[in-house]
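Shown below: query-v2.pdb, with PDB, C-alpha atoms.
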```pdb
MODEL        1
ATOM      1  CA  MET D  82       0.000   0.000   0.000
ATOM      2  CA  ASN D  83       2.879   2.382   0.733
ATOM      3  CA  VAL D  84       4.265   1.772  -2.746
ATOM      4  CA  ILE D  85       0.955   2.732  -4.358
ATOM      5  CA  TYR D  86       0.657   5.834  -2.170
ATOM      6  CA  GLY D  87       4.222   6.899  -2.955
ATOM      7  CA  THR D  88       3.696   6.290  -6.656
ATOM      8  CA  LEU D  89       0.561   8.449  -6.700
ATOM      9  CA  ILE D  90       2.344  11.271  -4.871
ATOM     10  CA  PHE D  91       5.260  11.080  -7.298
ATOM     11  CA  PHE D  92       2.921  10.894 -10.303
ATOM     12  CA  PHE D  93       0.805  13.888  -9.357
ATOM     13  CA  TYR D  94       3.832  15.937  -8.268
ATOM     14  CA  PHE D  95       5.213  15.854 -11.808
ATOM     15  CA  VAL D  96       2.103  15.373 -13.953
ATOM     16  CA  LYS D  97      -0.532  17.697 -12.476
ATOM     17  CA  TYR D  98       0.472  20.818 -14.437
ATOM     18  CA  PRO D  99       0.779  19.122 -17.861
ATOM     19  CA  ILE D 100      -2.602  17.429 -17.373
ATOM     20  CA  ALA D 101      -4.257  20.662 -16.232
ATOM     21  CA  ILE D 102      -2.878  22.605 -19.207
ATOM     22  CA  PHE D 103      -2.977  20.028 -22.011
ATOM     23  CA  LEU D 104      -6.382  18.432 -21.513
ATOM     24  CA  PRO D 105      -8.484  21.531 -22.300
ATOM     25  CA  VAL D 106      -6.224  22.188 -25.292
ATOM     26  CA  ALA D 107      -6.629  18.602 -26.461
ATOM     27  CA  TYR D 108     -10.422  18.680 -26.144
ATOM     28  CA  ASN D 109     -11.034  22.139 -27.605
ATOM     29  CA  TRP D 110      -8.426  22.582 -30.348
ATOM     30  CA  LEU D 111      -7.059  19.126 -31.136
ATOM     31  CA  ASP D 112     -10.490  17.408 -31.208
ATOM     32  CA  TYR D 113      -9.576  14.536 -28.895
ATOM     33  CA  PRO D 114     -12.540  12.340 -27.934
ATOM     34  CA  ASP D 115     -13.926  12.667 -24.404
ATOM     35  CA  ASN D 116     -12.394  10.281 -21.891
ATOM     36  CA  ILE D 117     -13.821   9.918 -18.381
ATOM     37  CA  ILE D 118     -10.496   8.750 -16.894
ATOM     38  CA  MET D 119      -8.686  11.838 -18.179
ATOM     39  CA  ASP D 120     -11.528  14.029 -16.924
ATOM     40  CA  ILE D 121     -11.133  12.540 -13.437
ATOM     41  CA  LEU D 122      -7.344  13.032 -13.552
ATOM     42  CA  TRP D 123      -7.894  16.619 -14.697
ATOM     43  CA  VAL D 124     -10.222  17.361 -11.764
ATOM     44  CA  ILE D 125      -7.783  15.802  -9.289
ATOM     45  CA  SER D 126      -4.919  17.823 -10.807
ATOM     46  CA  ILE D 127      -6.869  21.093 -10.569
ATOM     47  CA  ILE D 128      -7.737  20.365  -6.925
ATOM     48  CA  LEU D 129      -4.078  19.651  -6.119
ATOM     49  CA  ILE D 130      -2.915  22.833  -7.875
ATOM     50  CA  LEU D 131      -5.462  24.930  -5.962
ATOM     51  CA  LYS D 132      -4.386  23.262  -2.720
ATOM     52  CA  ASP D 133      -0.770  24.163  -3.454
ATOM     53  CA  TRP D 134      -1.697  27.793  -4.151
ATOM     54  CA  PHE D 135      -3.956  28.357  -1.148
ATOM     55  CA  PHE D 136      -2.130  26.179   1.402
ATOM     56  CA  PRO D 137       1.605  26.446   0.668
ATOM     57  CA  HIS D 138       4.010  24.212   2.545
ATOM     58  CA  LYS D 139       5.554  26.031   5.491
ATOM     59  CA  LYS D 140       9.010  25.371   6.840
ATOM     60  CA  PRO D 141       8.903  24.133  10.460
ATOM     61  CA  ASP D 142      10.008  26.574  13.157
ATOM     62  CA  ASN D 143      12.702  24.232  14.431
ATOM     63  CA  CYS D 144      14.354  23.917  10.997
ATOM     64  CA  GLN D 145      17.628  25.848  11.019
ATOM     65  CA  GLY D 146      18.889  24.890   7.577
ATOM     66  CA  ILE D 147      22.549  24.763   6.582
ATOM     67  CA  LYS D 148      24.699  27.518   7.996
ATOM     68  CA  ARG D 149      27.324  28.789   5.570
ATOM     69  CA  ARG D 150      30.480  30.564   6.609
TER
ENDMDL
END
```
Can you present the structure in this file as structure tokens?
Amino acid sequence: MNVIYGTLIFFFYFVKYPIAIFLPVAYNWLDYPDNIIMDILWVISIILILKDWFFPHKKPDNCQGIKRR
């Protein structure tokens, strides 16, 4: 189960923007046929993009980072 979860995180980390941008282009200008699986992936990608915009990842308070000289 952890492998599937990690694969989905990795997949949507790299693929959410191309899906969100290309699918409307493919349907409207390239005349691709409707596909319910791609529609579901598009909705999930849009939700993840909105989540990233409205709830950005914050660095923990106890994180000091690397100190350079």
Inset, instruction - Give me the residues within 8 Å of segment 125-138 of chain D as a ChimeraX atom specification, counting only C-alpha atoms and dropping any in the same chain fewer than 3 places off. - result: /D:93,97-98,100-101,121-122
Could you please take those selected residues and save C-alpha atoms as a PDB file, in the coordinates of the input?
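Wrote part-v7.pdb, looks like this:
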```
ATOM      1  CA  PHE D  93       0.805  13.888  -9.357  1.00  0.00           C
ATOM      2  CA  LYS D  97      -0.532  17.697 -12.476  1.00  0.00           C
ATOM      3  CA  TYR D  98       0.472  20.818 -14.437  1.00  0.00           C
ATOM      4  CA  ILE D 100      -2.602  17.429 -17.373  1.00  0.00           C
ATOM      5  CA  ALA D 101      -4.257  20.662 -16.232  1.00  0.00           C
ATOM      6  CA  ILE D 121     -11.133  12.540 -13.437  1.00  0.00           C
ATOM      7  CA  LEU D 122      -7.344  13.032 -13.552  1.00  0.00           C
TER       8      LEU D 122
END
```
Legend entry - d(atom CA of Asp115 of chain D, atom CA of Thr88 of chain D) in Å: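 The value is 25.8 Å.
For the file shown, the residue list from the PyMOL selection byres ((chain D and resi 105) around 12) reads Tyr98, Pro99, Ile100, Ala101, Ile102, Phe103, Leu104, Val106, Ala107, Tyr108, Asn109, Trp110, Leu111, Asp112, Tyr113, Pro114, Asp115, Asn116, Met119, Asp120, Trp123, Val124 and Ile127 of chain D.
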Could I see segment 101-113 of chain D restored to N, CA and C atoms, set down as a PDB file, in the frame of the given file?
```pdb
ATOM      1  N   ALA D 101      -3.356  19.517 -16.384  1.00  0.00           N
ATOM      2  CA  ALA D 101      -4.257  20.662 -16.232  1.00  0.00           C
ATOM      3  C   ALA D 101      -4.184  21.599 -17.433  1.00  0.00           C
ATOM      4  N   ILE D 102      -3.032  21.702 -18.064  1.00  0.00           N
ATOM      5  CA  ILE D 102      -2.878  22.605 -19.207  1.00  0.00           C
ATOM      6  C   ILE D 102      -3.257  21.916 -20.517  1.00  0.00           C
ATOM      7  N   PHE D 103      -2.820  20.673 -20.713  1.00  0.00           N
ATOM      8  CA  PHE D 103      -2.977  20.028 -22.011  1.00  0.00           C
ATOM      9  C   PHE D 103      -4.385  19.514 -22.270  1.00  0.00           C
ATOM     10  N   LEU D 104      -5.086  19.061 -21.266  1.00  0.00           N
ATOM     11  CA  LEU D 104      -6.382  18.432 -21.513  1.00  0.00           C
ATOM     12  C   LEU D 104      -7.407  19.385 -22.117  1.00  0.00           C
ATOM     13  N   PRO D 105      -7.565  20.616 -21.607  1.00  0.00           N
ATOM     14  CA  PRO D 105      -8.484  21.531 -22.300  1.00  0.00           C
ATOM     15  C   PRO D 105      -8.045  21.849 -23.730  1.00  0.00           C
ATOM     16  N   VAL D 106      -6.737  21.952 -23.939  1.00  0.00           N
ATOM     17  CA  VAL D 106      -6.224  22.188 -25.292  1.00  0.00           C
ATOM     18  C   VAL D 106      -6.549  21.001 -26.188  1.00  0.00           C
ATOM     19  N   ALA D 107      -6.368  19.799 -25.672  1.00  0.00           N
ATOM     20  CA  ALA D 107      -6.629  18.602 -26.461  1.00  0.00           C
ATOM     21  C   ALA D 107      -8.106  18.480 -26.816  1.00  0.00           C
ATOM     22  N   TYR D 108      -8.988  18.798 -25.871  1.00  0.00           N
ATOM     23  CA  TYR D 108     -10.422  18.680 -26.144  1.00  0.00           C
ATOM     24  C   TYR D 108     -10.922  19.792 -27.067  1.00  0.00           C
ATOM     25  N   ASN D 109     -10.472  21.013 -26.868  1.00  0.00           N
ATOM     26  CA  ASN D 109     -11.034  22.139 -27.605  1.00  0.00           C
ATOM     27  C   ASN D 109     -10.407  22.361 -28.984  1.00  0.00           C
ATOM     28  N   TRP D 110      -9.088  22.243 -29.094  1.00  0.00           N
ATOM     29  CA  TRP D 110      -8.426  22.582 -30.348  1.00  0.00           C
ATOM     30  C   TRP D 110      -7.910  21.377 -31.120  1.00  0.00           C
ATOM     31  N   LEU D 111      -7.598  20.295 -30.444  1.00  0.00           N
ATOM     32  CA  LEU D 111      -7.059  19.126 -31.136  1.00  0.00           C
ATOM     33  C   LEU D 111      -8.114  18.052 -31.392  1.00  0.00           C
ATOM     34  N   ASP D 112      -9.347  18.295 -30.961  1.00  0.00           N
ATOM     35  CA  ASP D 112     -10.490  17.408 -31.208  1.00  0.00           C
ATOM     36  C   ASP D 112     -10.266  15.980 -30.708  1.00  0.00           C
ATOM     37  N   TYR D 113      -9.688  15.845 -29.519  1.00  0.00           N
ATOM     38  CA  TYR D 113      -9.576  14.536 -28.895  1.00  0.00           C
ATOM     39  C   TYR D 113     -10.956  14.096 -28.424  1.00  0.00           C
TER      40      TYR D 113
END
```
